$ cat model-v8.cif   # mmCIF, C-alpha atoms and all ligand atoms
data_data
loop_
_atom_site.label_atom_id
_atom_site.label_comp_id
_atom_site.auth_asym_id
_atom_site.auth_seq_id
_atom_site.Cartn_x
_atom_site.Cartn_y
_atom_site.Cartn_z
CA LEU A 1 5.17 23.13 -1.16
CA GLU A 2 5.05 24.75 2.25
CA PRO A 3 2.51 27.13 3.73
CA LYS A 4 3.31 30.84 3.20
CA HIS A 5 1.93 32.83 6.10
CA GLY A 6 -0.03 29.72 6.95
CA VAL A 7 -1.67 29.43 3.53
CA VAL A 8 -1.26 26.80 0.83
CA ASP A 9 -2.91 27.40 -2.54
CA ILE A 10 -4.25 24.27 -4.20
CA THR A 11 -5.98 24.58 -7.56
CA ALA A 12 -7.57 21.74 -9.48
CA GLN A 13 -7.10 22.34 -13.18
CA GLN A 14 -6.92 20.69 -16.55
CA GLY A 15 -3.93 20.69 -18.79
CA LYS A 16 -1.81 18.80 -21.26
CA THR A 17 1.04 16.56 -20.24
CA GLU A 18 3.73 14.92 -22.31
CA ILE A 19 3.61 11.46 -20.76
CA PHE A 20 4.78 9.85 -24.00
CA GLU A 21 7.42 11.55 -26.08
CA GLY A 22 5.99 13.95 -28.62
CA VAL A 23 2.33 13.47 -27.61
CA GLU A 24 0.20 15.60 -25.36
CA THR A 25 -2.27 13.81 -23.14
CA GLU A 26 -5.20 15.72 -21.69
CA THR A 27 -4.87 15.42 -17.95
CA TYR A 28 -5.99 16.87 -14.62
CA GLY A 29 -3.67 18.11 -11.91
CA TYR A 30 -3.32 20.26 -8.82
CA ASN A 31 -1.30 23.46 -9.43
CA GLY A 32 0.04 21.82 -12.59
CA SER A 33 -1.12 19.75 -15.50
CA PHE A 34 -0.83 16.28 -13.93
CA LEU A 35 -0.98 14.97 -10.33
CA GLY A 36 -0.17 17.39 -7.54
CA PRO A 37 2.52 18.79 -5.30
CA VAL A 38 3.82 17.44 -2.00
CA ILE A 39 2.49 19.73 0.73
CA ARG A 40 4.62 19.77 3.85
CA VAL A 41 3.05 20.74 7.17
CA ASN A 42 4.11 20.44 10.80
CA GLU A 43 2.27 19.01 13.75
CA GLY A 44 0.72 21.84 15.76
CA GLN A 45 0.72 24.25 12.82
CA THR A 46 -2.47 26.03 11.83
CA VAL A 47 -2.81 26.01 8.07
CA THR A 48 -5.31 27.14 5.50
CA PHE A 49 -5.67 25.09 2.35
CA ARG A 50 -6.97 27.64 -0.14
CA THR A 51 -8.68 25.39 -2.64
CA LYS A 52 -9.90 26.45 -6.05
CA ASN A 53 -11.74 24.55 -8.73
CA ASN A 54 -10.58 25.54 -12.20
CA LEU A 55 -12.03 22.43 -13.79
CA ALA A 56 -15.11 22.55 -16.00
CA GLU A 57 -16.93 20.20 -13.60
CA PRO A 58 -17.65 20.12 -9.85
CA THR A 59 -15.05 18.57 -7.57
CA THR A 60 -14.10 18.34 -3.88
CA PHE A 61 -10.77 18.35 -2.07
CA HIS A 62 -10.49 15.38 0.27
CA TRP A 63 -7.53 15.06 2.64
CA HIS A 64 -7.04 11.32 2.94
CA GLY A 65 -5.70 10.44 6.38
CA VAL A 66 -5.92 13.93 7.83
CA GLU A 67 -7.65 14.37 11.19
CA ILE A 68 -9.93 17.25 10.35
CA SER A 69 -13.52 18.33 10.98
CA GLY A 70 -16.20 16.75 8.82
CA GLU A 71 -16.78 20.15 7.23
CA GLY A 72 -13.15 20.42 6.18
CA ASP A 73 -12.83 16.81 5.08
CA GLY A 74 -13.87 17.37 1.49
CA GLY A 75 -16.25 14.44 1.14
CA PRO A 76 -19.12 14.39 -1.36
CA HIS A 77 -21.05 17.07 0.60
CA GLN A 78 -18.38 19.73 0.14
CA ILE A 79 -18.80 20.27 -3.58
CA LEU A 80 -16.95 23.12 -5.25
CA GLN A 81 -18.54 24.30 -8.49
CA PRO A 82 -16.33 25.32 -11.43
CA GLY A 83 -14.63 28.61 -10.60
CA ALA A 84 -15.37 28.39 -6.87
CA SER A 85 -12.80 28.71 -4.07
CA HIS A 86 -12.95 27.59 -0.49
CA ASP A 87 -10.63 27.99 2.50
CA VAL A 88 -10.09 24.98 4.71
CA LYS A 89 -8.45 26.06 7.95
CA PHE A 90 -7.32 23.54 10.54
CA THR A 91 -4.61 22.75 13.04
CA VAL A 92 -2.42 19.77 12.25
CA ASN A 93 -3.10 17.42 15.11
CA GLN A 94 -1.25 14.23 14.24
CA GLY A 95 2.29 12.93 14.04
CA ALA A 96 4.74 12.56 11.18
CA SER A 97 3.18 10.69 8.29
CA THR A 98 2.70 10.48 4.54
CA LEU A 99 -0.90 11.36 3.70
CA TRP A 100 -2.51 12.29 0.42
CA PHE A 101 -5.35 14.21 -1.16
CA HIS A 102 -7.72 13.60 -4.03
CA PRO A 103 -11.23 14.57 -5.18
CA HIS A 104 -14.40 12.96 -3.80
CA PRO A 105 -17.48 14.22 -5.71
CA GLU A 106 -20.29 11.69 -5.84
CA GLY A 107 -20.17 9.77 -9.09
CA ALA A 108 -16.97 11.32 -10.43
CA THR A 109 -14.28 10.42 -7.90
CA ALA A 110 -12.89 7.49 -9.87
CA GLU A 111 -12.71 9.40 -13.15
CA GLN A 112 -11.14 12.53 -11.66
CA VAL A 113 -8.47 10.56 -9.82
CA TYR A 114 -7.88 8.56 -12.99
CA LYS A 115 -7.22 11.73 -14.98
CA GLY A 116 -4.59 12.83 -12.49
CA LEU A 117 -6.02 14.45 -9.39
CA ALA A 118 -3.87 13.21 -6.52
CA GLY A 119 -1.21 14.84 -4.37
CA LEU A 120 0.72 14.14 -1.19
CA ILE A 121 0.77 15.68 2.26
CA TYR A 122 3.78 15.15 4.49
CA VAL A 123 3.28 15.79 8.18
CA GLU A 124 6.49 16.37 10.13
CA ASP A 125 6.88 16.48 13.89
CA GLU A 126 9.64 17.00 16.45
CA ASN A 127 10.22 13.28 16.83
CA SER A 128 10.68 12.64 13.11
CA LYS A 129 13.76 14.85 12.93
CA LYS A 130 15.61 12.88 15.60
CA LEU A 131 15.26 9.42 14.14
CA GLY A 132 18.07 9.55 11.61
CA LEU A 133 15.71 8.73 8.75
CA PRO A 134 16.74 9.88 5.28
CA SER A 135 14.78 13.09 4.83
CA LYS A 136 16.31 15.04 1.98
CA TYR A 137 13.45 15.43 -0.46
CA GLY A 138 14.40 14.18 -3.91
CA GLU A 139 17.86 13.10 -2.75
CA ASN A 140 17.38 10.26 -0.31
CA ASP A 141 13.67 10.65 0.47
CA PHE A 142 11.30 10.06 -2.46
CA PRO A 143 7.53 10.06 -2.89
CA LEU A 144 6.47 7.25 -5.22
CA VAL A 145 2.89 7.24 -6.46
CA PHE A 146 1.95 4.04 -8.30
CA GLN A 147 -0.96 4.20 -10.74
CA ASP A 148 -2.01 2.00 -13.63
CA ARG A 149 -3.81 3.42 -16.63
CA VAL A 150 -5.13 2.52 -20.06
CA PHE A 151 -4.42 4.89 -22.93
CA THR A 152 -6.27 5.14 -26.20
CA GLU A 153 -4.33 4.80 -29.44
CA GLU A 154 -4.03 8.58 -29.44
CA LYS A 155 -2.53 8.29 -25.93
CA GLN A 156 -5.49 9.89 -24.22
CA PHE A 157 -7.52 8.81 -21.21
CA ASP A 158 -10.96 7.49 -22.03
CA TYR A 159 -12.08 6.50 -18.58
CA GLN A 160 -15.68 5.73 -19.49
CA ALA A 161 -14.58 3.35 -22.24
CA VAL A 162 -12.36 1.29 -19.97
CA ARG A 163 -14.28 1.62 -16.70
CA ASN A 164 -14.73 -1.69 -14.93
CA GLU A 165 -17.41 -1.97 -12.27
CA ASP A 166 -15.08 -3.97 -10.06
CA GLY A 167 -12.21 -1.58 -10.44
CA THR A 168 -10.51 -0.18 -13.48
CA ILE A 169 -7.22 -1.92 -14.09
CA GLY A 170 -4.66 -0.46 -16.47
CA ASP A 171 -2.01 -2.00 -18.67
CA THR A 172 0.39 0.91 -18.33
CA LEU A 173 2.15 1.76 -15.10
CA LEU A 174 2.92 5.35 -14.19
CA VAL A 175 5.12 6.24 -11.24
CA ASN A 176 4.65 9.86 -10.18
CA GLY A 177 2.92 10.28 -13.53
CA THR A 178 5.96 9.07 -15.43
CA PHE A 179 5.94 6.33 -18.03
CA ASN A 180 9.06 4.11 -18.04
CA PRO A 181 10.42 5.72 -14.88
CA LYS A 182 13.92 5.32 -13.53
CA LEU A 183 15.15 6.59 -10.20
CA THR A 184 18.74 7.66 -9.60
CA ILE A 185 19.83 7.22 -6.03
CA GLY A 186 23.08 7.24 -4.09
CA LYS A 187 25.04 4.33 -2.70
CA GLU A 188 23.27 4.82 0.62
CA LYS A 189 20.13 4.22 2.62
CA VAL A 190 17.12 5.65 0.82
CA ARG A 191 13.59 6.29 2.05
CA LEU A 192 10.78 5.48 -0.36
CA ARG A 193 7.30 6.71 0.49
CA LEU A 194 5.02 4.39 -1.44
CA LEU A 195 1.43 5.31 -2.26
CA ASN A 196 -0.89 2.99 -4.09
CA GLY A 197 -2.81 5.70 -5.94
CA SER A 198 -4.47 3.29 -8.36
CA ASN A 199 -8.21 3.00 -8.71
CA ALA A 200 -8.20 -0.74 -8.09
CA ARG A 201 -4.92 -2.58 -8.58
CA ASN A 202 -3.03 -4.08 -5.63
CA TYR A 203 0.76 -4.02 -5.71
CA THR A 204 3.22 -6.32 -4.02
CA PHE A 205 6.60 -4.63 -3.90
CA LYS A 206 9.91 -6.45 -3.54
CA LEU A 207 13.49 -6.08 -4.71
CA ASN A 208 14.52 -8.09 -7.77
CA THR A 209 17.69 -9.11 -5.92
CA GLY A 210 15.66 -10.88 -3.24
CA ASP A 211 17.26 -8.56 -0.68
CA LYS A 212 15.20 -7.37 2.21
CA PHE A 213 14.24 -3.84 3.13
CA GLN A 214 12.83 -2.20 6.20
CA GLN A 215 9.37 -0.78 6.63
CA VAL A 216 9.36 2.24 8.94
CA ALA A 217 5.87 3.71 8.53
CA THR A 218 2.27 2.74 7.82
CA ASP A 219 -0.50 5.03 6.48
CA GLY A 220 -0.54 7.35 9.46
CA GLY A 221 2.84 7.27 11.18
CA PHE A 222 5.98 5.41 12.17
CA LEU A 223 6.04 1.84 13.31
CA ASN A 224 7.60 1.36 16.74
CA LYS A 225 10.72 0.01 15.11
CA PRO A 226 11.90 -0.75 11.58
CA ILE A 227 10.46 -4.08 10.41
CA THR A 228 12.56 -6.21 8.08
CA MET A 229 10.49 -7.39 5.13
CA SER A 230 11.05 -9.23 1.88
CA GLU A 231 7.88 -7.83 0.30
CA ILE A 232 4.95 -5.57 1.03
CA THR A 233 1.47 -5.43 -0.48
CA LEU A 234 -0.45 -2.17 -0.71
CA THR A 235 -4.09 -1.97 -1.76
CA PRO A 236 -5.56 1.27 -3.19
CA GLY A 237 -5.23 4.19 -0.80
CA GLU A 238 -2.60 2.54 1.42
CA ARG A 239 0.87 3.95 2.02
CA ALA A 240 4.10 2.61 3.47
CA GLU A 241 7.52 4.11 4.00
CA ILE A 242 10.40 1.76 3.39
CA ILE A 243 14.16 2.08 3.73
CA VAL A 244 16.28 0.38 1.10
CA ASP A 245 20.00 0.07 1.75
CA PHE A 246 21.71 0.65 -1.60
CA SER A 247 25.19 0.90 -0.08
CA LYS A 248 26.00 -2.69 -0.95
CA TYR A 249 25.26 -2.27 -4.66
CA ASP A 250 27.36 -0.77 -7.44
CA ALA A 251 26.41 1.28 -10.45
CA ASP A 252 26.41 -1.76 -12.73
CA HIS A 253 23.95 -3.60 -10.50
CA ASN A 254 20.52 -4.13 -12.03
CA ILE A 255 18.35 -3.34 -9.12
CA ALA A 256 14.64 -2.61 -9.24
CA LEU A 257 11.40 -2.71 -7.37
CA VAL A 258 9.40 -5.54 -8.90
CA ASN A 259 5.97 -7.04 -8.29
CA GLU A 260 5.05 -10.60 -7.32
CA GLU A 261 5.50 -11.70 -10.94
CA ASN A 262 8.94 -10.07 -11.05
CA THR A 263 7.70 -7.44 -13.48
CA ILE A 264 9.74 -4.28 -13.07
CA LEU A 265 7.85 -1.48 -11.38
CA LEU A 266 10.75 0.91 -10.86
CA PRO A 267 14.38 0.40 -11.87
CA PHE A 268 17.12 2.17 -9.90
CA HIS A 269 20.30 3.71 -11.17
CA ILE A 270 23.01 3.95 -8.57
CA ASP A 271 25.26 6.97 -8.51
CA ASP A 272 28.20 5.55 -6.61
CA GLN A 273 29.78 8.98 -6.15
CA LYS A 274 27.03 9.73 -3.71
CA THR A 275 27.40 8.00 -0.38
CA SER A 276 26.42 8.59 3.21
CA SER A 277 26.23 6.57 6.35
CA ILE A 278 22.95 6.89 8.08
CA GLU A 279 22.07 5.28 11.40
CA ILE A 280 18.36 4.87 11.79
CA SER A 281 17.03 4.78 15.31
CA ASP A 282 15.67 1.46 16.49
CA SER A 283 12.90 3.15 18.36
CA LEU A 284 10.65 5.22 16.12
CA ASN A 285 7.31 5.50 17.87
CA ASP A 286 5.25 4.38 20.84
CA PHE A 287 2.18 2.98 19.16
CA ALA A 288 0.15 0.42 21.11
CA VAL A 289 -3.26 -1.18 21.20
CA THR A 290 -4.03 -0.89 24.90
CA ASP A 291 -5.63 -3.64 27.02
CA GLU A 292 -8.55 -1.33 27.51
CA GLU A 293 -9.06 -1.08 23.75
CA ARG A 294 -8.63 -4.82 23.37
CA ASN A 295 -11.38 -5.43 25.94
CA LEU A 296 -13.93 -3.05 24.48
CA PRO A 297 -17.04 -4.73 23.06
CA VAL A 298 -17.82 -4.50 19.37
CA THR A 299 -20.27 -1.62 18.93
CA LYS A 300 -20.32 -1.29 15.15
CA LYS A 301 -20.60 -4.17 12.72
CA LEU A 302 -20.13 -3.78 9.01
CA GLU A 303 -20.50 -6.42 6.36
CA LEU A 304 -18.93 -5.80 2.98
CA PHE A 305 -20.58 -7.78 0.24
CA GLY A 306 -21.03 -8.12 -3.48
CA MET A 307 -19.42 -7.38 -6.77
CA GLY A 308 -19.70 -4.78 -9.51
CA PRO A 309 -22.79 -2.60 -9.34
CA MET A 310 -24.19 -4.73 -6.50
CA VAL A 311 -21.60 -3.89 -3.84
CA SER A 312 -23.00 -2.97 -0.44
CA ILE A 313 -22.25 -2.37 3.22
CA ASN A 314 -24.72 -4.03 5.59
CA GLY A 315 -26.92 -4.70 2.57
CA LYS A 316 -27.23 -1.01 1.74
CA GLN A 317 -25.80 1.23 -0.92
CA PHE A 318 -24.62 4.77 -0.34
CA ASP A 319 -27.25 7.44 0.17
CA MET A 320 -26.15 11.05 0.63
CA ASN A 321 -29.24 11.65 2.75
CA ARG A 322 -28.76 8.76 5.16
CA ILE A 323 -26.49 8.71 8.20
CA ASP A 324 -25.54 5.09 8.86
CA PHE A 325 -23.83 5.45 12.23
CA THR A 326 -23.13 7.97 14.93
CA GLN A 327 -20.20 8.13 17.31
CA LYS A 328 -19.12 10.49 20.08
CA GLN A 329 -16.13 12.74 19.49
CA GLY A 330 -13.08 11.47 21.38
CA GLU A 331 -14.62 8.11 22.24
CA THR A 332 -13.02 4.89 21.03
CA GLU A 333 -15.32 2.27 19.55
CA ILE A 334 -14.57 -1.14 18.13
CA TRP A 335 -15.67 -1.56 14.54
CA GLU A 336 -15.89 -5.13 13.28
CA ILE A 337 -15.72 -5.41 9.52
CA TYR A 338 -16.47 -8.66 7.77
CA ASN A 339 -15.80 -9.26 4.08
CA LYS A 340 -18.54 -11.70 3.19
CA PRO A 341 -17.57 -13.92 0.24
CA ASP A 342 -20.01 -14.62 -2.57
CA MET A 343 -20.34 -17.56 -4.97
CA MET A 344 -17.41 -16.25 -6.99
CA GLY A 345 -15.25 -16.08 -3.90
CA GLY A 346 -15.30 -12.33 -3.47
CA MET A 347 -12.65 -9.66 -3.63
CA ILE A 348 -10.23 -7.85 -1.39
CA HIS A 349 -11.80 -4.58 -0.23
CA PRO A 350 -9.46 -1.85 1.04
CA PHE A 351 -11.63 -0.35 3.78
CA HIS A 352 -11.04 3.35 4.47
CA ILE A 353 -12.44 5.70 7.11
CA HIS A 354 -12.25 9.47 6.68
CA GLY A 355 -11.03 11.97 9.26
CA THR A 356 -9.13 9.63 11.53
CA GLN A 357 -6.28 7.18 11.96
CA PHE A 358 -7.34 3.89 13.52
CA LYS A 359 -5.65 0.87 15.09
CA ILE A 360 -6.05 -2.67 13.82
CA VAL A 361 -6.94 -4.67 16.95
CA SER A 362 -7.17 -8.05 15.27
CA ILE A 363 -7.46 -9.85 11.96
CA ASP A 364 -9.53 -13.03 12.25
CA GLY A 365 -9.05 -12.87 15.99
CA LYS A 366 -5.28 -12.74 15.76
CA GLU A 367 -2.86 -9.94 16.38
CA PRO A 368 -2.02 -8.20 13.09
CA PRO A 369 1.44 -8.72 11.57
CA ALA A 370 4.16 -6.43 12.96
CA ASN A 371 4.08 -4.12 9.95
CA LEU A 372 0.38 -3.39 10.52
CA GLN A 373 0.89 -2.44 14.15
CA GLY A 374 0.81 1.27 13.46
CA TRP A 375 -1.67 4.01 12.56
CA LYS A 376 -3.83 3.12 9.58
CA ASP A 377 -6.64 4.76 7.65
CA THR A 378 -7.11 2.05 5.05
CA VAL A 379 -7.02 -1.67 5.75
CA SER A 380 -6.99 -4.46 3.22
CA ILE A 381 -9.69 -7.04 4.01
CA GLU A 382 -9.64 -10.37 2.20
CA PRO A 383 -12.76 -12.42 1.46
CA SER A 384 -13.97 -14.21 4.64
CA GLN A 385 -11.77 -12.06 6.84
CA THR A 386 -13.00 -10.21 9.90
CA VAL A 387 -11.02 -7.22 11.03
CA LYS A 388 -11.50 -5.37 14.30
CA LEU A 389 -10.53 -1.72 14.45
CA ALA A 390 -10.27 0.70 17.36
CA VAL A 391 -11.69 3.91 15.92
CA LYS A 392 -11.69 7.33 17.52
CA PHE A 393 -12.57 10.66 15.93
CA ASN A 394 -10.96 13.74 17.41
CA ASN A 395 -13.22 16.09 15.47
CA LYS A 396 -16.92 16.41 14.74
CA GLY A 397 -18.90 16.17 11.57
CA ILE A 398 -20.02 13.78 8.89
CA TYR A 399 -17.43 11.38 7.51
CA MET A 400 -17.42 8.72 4.82
CA PHE A 401 -16.24 5.16 5.22
CA HIS A 402 -15.87 3.07 2.09
CA CYS A 403 -14.05 0.61 -0.05
CA HIS A 404 -11.10 2.36 -1.72
CA VAL A 405 -11.54 0.46 -4.97
CA LEU A 406 -12.87 3.68 -6.43
CA GLU A 407 -15.46 2.02 -8.63
CA HIS A 408 -16.81 0.12 -5.61
CA GLU A 409 -16.97 3.36 -3.68
CA GLU A 410 -18.92 4.91 -6.53
CA ASN A 411 -21.19 1.91 -6.91
CA GLY A 412 -22.34 2.46 -3.35
CA MET A 413 -19.88 0.60 -1.11
CA MET A 414 -19.80 3.64 1.13
CA GLY A 415 -21.60 4.88 4.21
CA GLN A 416 -21.65 7.90 6.48
CA ILE A 417 -20.92 8.35 10.14
CA GLU A 418 -21.83 11.45 12.08
CA VAL A 419 -19.49 12.31 14.93
CA LYS A 420 -21.17 14.46 17.59
CU1 LIG A 501 -8.93 8.28 -0.27
CU2 LIG A 501 -12.86 8.54 0.68
O1 LIG A 501 -10.93 8.45 0.17
CU CU A 502 -14.28 -3.12 -2.78
#
$ encode --input "model-v8.cif" --output "structure tokens" --more "lines below"
Ligand code: C2O
Ligand code: CU
Amino acid sequence: LEPKHGVVDITAQQGKTEIFEGVETETYGYNGSFLGPVIRVNEGQTVTFRTKNNLAEPTTFHWHGVEISGEGDGGPHQILQPGASHDVKFTVNQGASTLWFHPHPEGATAEQVYKGLAGLIYVEDENSKKLGLPSKYGENDFPLVFQDRVFTEEKQFDYQAVRNEDGTIGDTLLVNGTFNPKLTIGKEKVRLRLLNGSNARNYTFKLNTGDKFQQVATDGGFLNKPITMSEITLTPGERAEIIVDFSKYDADHNIALVNEENTILLPFHIDDQKTSSIEISDSLNDFAVTDEERNLPVTKKLELFGMGPMVSINGKQFDMNRIDFTQKQGETEIWEIYNKPDMMGGMIHPFHIHGTQFKIVSIDGKEPPANLQGWKDTVSIEPSQTVKLAVKFNNKGIYMFHCHVLEHEENGMMGQIEVK
């Protein structure tokens, strides 16, 4: 989906989707019955997202990873009542990346995402066209949204019945909303844009063959060069772009993306009539944590703590009427985030900040691994870990920061920062 005269229409609606053969599941979607479109925008372009709420309940439209004013960000303050429309106009001011969008109303985010409200935003820039990356949508460049769900016997969603305070985990995997998916690709290099769109589950992706792949992008842009990896873990909200070289496999090869337990997440079918030789540039970006940023003092400290309904940040739970921090527009500050373990050991919290892409300066005092040296908007923090981030907002307004386990976010593991 591309802007027409600068406008993209995005409507949240309910519908029925045949996820399982012969059964209709009641679902939510953007512009369709389930999930949403891929919206493609260019750096420098001024676009209007014309949002409309055709649901029977209030919602918001949050652009996860987009550098946008607080007013346009679609957090819990920007509620759209049933039937209401709202234009969000902004200029794309960030480089090529795979971002996404989903609702964010207070108290109903987790359920609305669960029912199917999630879509993708691709940002393209001048640089991205010169890198030789596979970029034919649906041919050698695929969005892959991973979500786990629980269905009732009638194959419906009953979110409230299965809700878990520490994150709702499903027993059924959907990829791009498809049950039992299979992806046909050519005998060539293929780009997979992975999004962990689950409420709470973490995924470790690897190839069942044990072969390696290359990661080329993080949440918010390209890595400086392709990083060779044997597996990658994504927590909720995180994205990665990877390149898998299928040219060495044949059609009778059983090749699949699997998780750490070797459970198949996505099997591939190779069409060996389709080949290409693609040379990917070795130099993709010029991302760096500068010495100046490294030497900045910590000016914001956050402590993530607790489980279930007792989750908190700095001992507090979310309050719509409380601003927790302020920061100056355009000024970089170092945020230090500590995941304080509890008697049970604690949990990984994927920590997300709205309206910006940040840099990971250090993890437990050490330089982050090579595949995290790129723009991020969500960072996985393990129990006892301390992560330092260099955070700069290029726009003004009120933004959320929170754990992206959606039930933690809803239970109050969220705060607000006002950028002035
Ligand atoms: Cu992906 Cu506050 O959200
Ligand atoms: Cu959490």
$ residues_around --input "model-v8.cif" --residues "stretch 67-81 of chain A" --least-positions-apart "6" --cutoff "10 Å" --atoms "all atoms listed in the file" --output "PyMOL selection string"
chain A and resi 49+51-61+87-94+101-109+320+354-357+393-400+417-419
$ write_last_selection --input "model-v8.cif" --atoms "C-alpha atoms" --output "PDB file, in the frame of the given file"
ATOM      1  CA  PHE A  49      -5.670  25.090   2.350  1.00  0.00           C
ATOM      2  CA  THR A  51      -8.680  25.390  -2.640  1.00  0.00           C
ATOM      3  CA  LYS A  52      -9.900  26.450  -6.050  1.00  0.00           C
ATOM      4  CA  ASN A  53     -11.740  24.550  -8.730  1.00  0.00           C
ATOM      5  CA  ASN A  54     -10.580  25.540 -12.200  1.00  0.00           C
ATOM      6  CA  LEU A  55     -12.030  22.430 -13.790  1.00  0.00           C
ATOM      7  CA  ALA A  56     -15.110  22.550 -16.000  1.00  0.00           C
ATOM      8  CA  GLU A  57     -16.930  20.200 -13.600  1.00  0.00           C
ATOM      9  CA  PRO A  58     -17.650  20.120  -9.850  1.00  0.00           C
ATOM     10  CA  THR A  59     -15.050  18.570  -7.570  1.00  0.00           C
ATOM     11  CA  THR A  60     -14.100  18.340  -3.880  1.00  0.00           C
ATOM     12  CA  PHE A  61     -10.770  18.350  -2.070  1.00  0.00           C
ATOM     13  CA  ASP A  87     -10.630  27.990   2.500  1.00  0.00           C
ATOM     14  CA  VAL A  88     -10.090  24.980   4.710  1.00  0.00           C
ATOM     15  CA  LYS A  89      -8.450  26.060   7.950  1.00  0.00           C
ATOM     16  CA  PHE A  90      -7.320  23.540  10.540  1.00  0.00           C
ATOM     17  CA  THR A  91      -4.610  22.750  13.040  1.00  0.00           C
ATOM     18  CA  VAL A  92      -2.420  19.770  12.250  1.00  0.00           C
ATOM     19  CA  ASN A  93      -3.100  17.420  15.110  1.00  0.00           C
ATOM     20  CA  GLN A  94      -1.250  14.230  14.240  1.00  0.00           C
ATOM     21  CA  PHE A 101      -5.350  14.210  -1.160  1.00  0.00           C
ATOM     22  CA  HIS A 102      -7.720  13.600  -4.030  1.00  0.00           C
ATOM     23  CA  PRO A 103     -11.230  14.570  -5.180  1.00  0.00           C
ATOM     24  CA  HIS A 104     -14.400  12.960  -3.800  1.00  0.00           C
ATOM     25  CA  PRO A 105     -17.480  14.220  -5.710  1.00  0.00           C
ATOM     26  CA  GLU A 106     -20.290  11.690  -5.840  1.00  0.00           C
ATOM     27  CA  GLY A 107     -20.170   9.770  -9.090  1.00  0.00           C
ATOM     28  CA  ALA A 108     -16.970  11.320 -10.430  1.00  0.00           C
ATOM     29  CA  THR A 109     -14.280  10.420  -7.900  1.00  0.00           C
ATOM     30  CA  MET A 320     -26.150  11.050   0.630  1.00  0.00           C
ATOM     31  CA  HIS A 354     -12.250   9.470   6.680  1.00  0.00           C
ATOM     32  CA  GLY A 355     -11.030  11.970   9.260  1.00  0.00           C
ATOM     33  CA  THR A 356      -9.130   9.630  11.530  1.00  0.00           C
ATOM     34  CA  GLN A 357      -6.280   7.180  11.960  1.00  0.00           C
ATOM     35  CA  PHE A 393     -12.570  10.660  15.930  1.00  0.00           C
ATOM     36  CA  ASN A 394     -10.960  13.740  17.410  1.00  0.00           C
ATOM     37  CA  ASN A 395     -13.220  16.090  15.470  1.00  0.00           C
ATOM     38  CA  LYS A 396     -16.920  16.410  14.740  1.00  0.00           C
ATOM     39  CA  GLY A 397     -18.900  16.170  11.570  1.00  0.00           C
ATOM     40  CA  ILE A 398     -20.020  13.780   8.890  1.00  0.00           C
ATOM     41  CA  TYR A 399     -17.430  11.380   7.510  1.00  0.00           C
ATOM     42  CA  MET A 400     -17.420   8.720   4.820  1.00  0.00           C
ATOM     43  CA  ILE A 417     -20.920   8.350  10.140  1.00  0.00           C
ATOM     44  CA  GLU A 418     -21.830  11.450  12.080  1.00  0.00           C
ATOM     45  CA  VAL A 419     -19.490  12.310  14.930  1.00  0.00           C
TER      46      VAL A 419
END
$ closest_residue --input "model-v8.cif" --among "A:Lys187, A:Arg50, A:His64, A:Lys16" --to "A:Gln273" --atoms "only C-alpha atoms"
A:Lys187
$ closest_residue --input "model-v8.cif" --among "A:Ile353, A:Glu165, A:Asn224, A:Val258" --to "A:His408" --atoms "all atoms listed in the file"
A:Glu165
$ atom_distance --input "model-v8.cif" --atom1 "atom CA of A:Ile280" --atom2 "atom CA of A:Glu188"
12.2 Å
$ closest_residue --input "model-v8.cif" --among "A:Val311, A:Ala161, A:Val361, A:Leu35" --to "ligand CU 502 (chain A)" --atoms "only C-alpha atoms and all ligand atoms"
A:Val311
$ residues_near_ligand --input "model-v8.cif" --ligand "ligand CU 502 (chain A)" --cutoff "8 Å" --atoms "only C-alpha atoms and all ligand atoms" --output "JSON, numbers by chain"
{"A": [166, 304, 307, 311, 347, 348, 349, 350, 351, 403, 404, 405, 406, 407, 408, 409, 413]}
$ residues_near_point --input "model-v8.cif" --point "(1.6, -7.3, 11.5)" --cutoff "12 Å" --atoms "all atoms listed in the file" --output "PyMOL selection string"
chain A and resi 215+218+223-224+227-229+232+359-363+366-376+379
$ atom_distance --input "model-v8.cif" --atom1 "atom CA of A:Tyr249" --atom2 "atom CA of A:Pro134"
17.9 Å
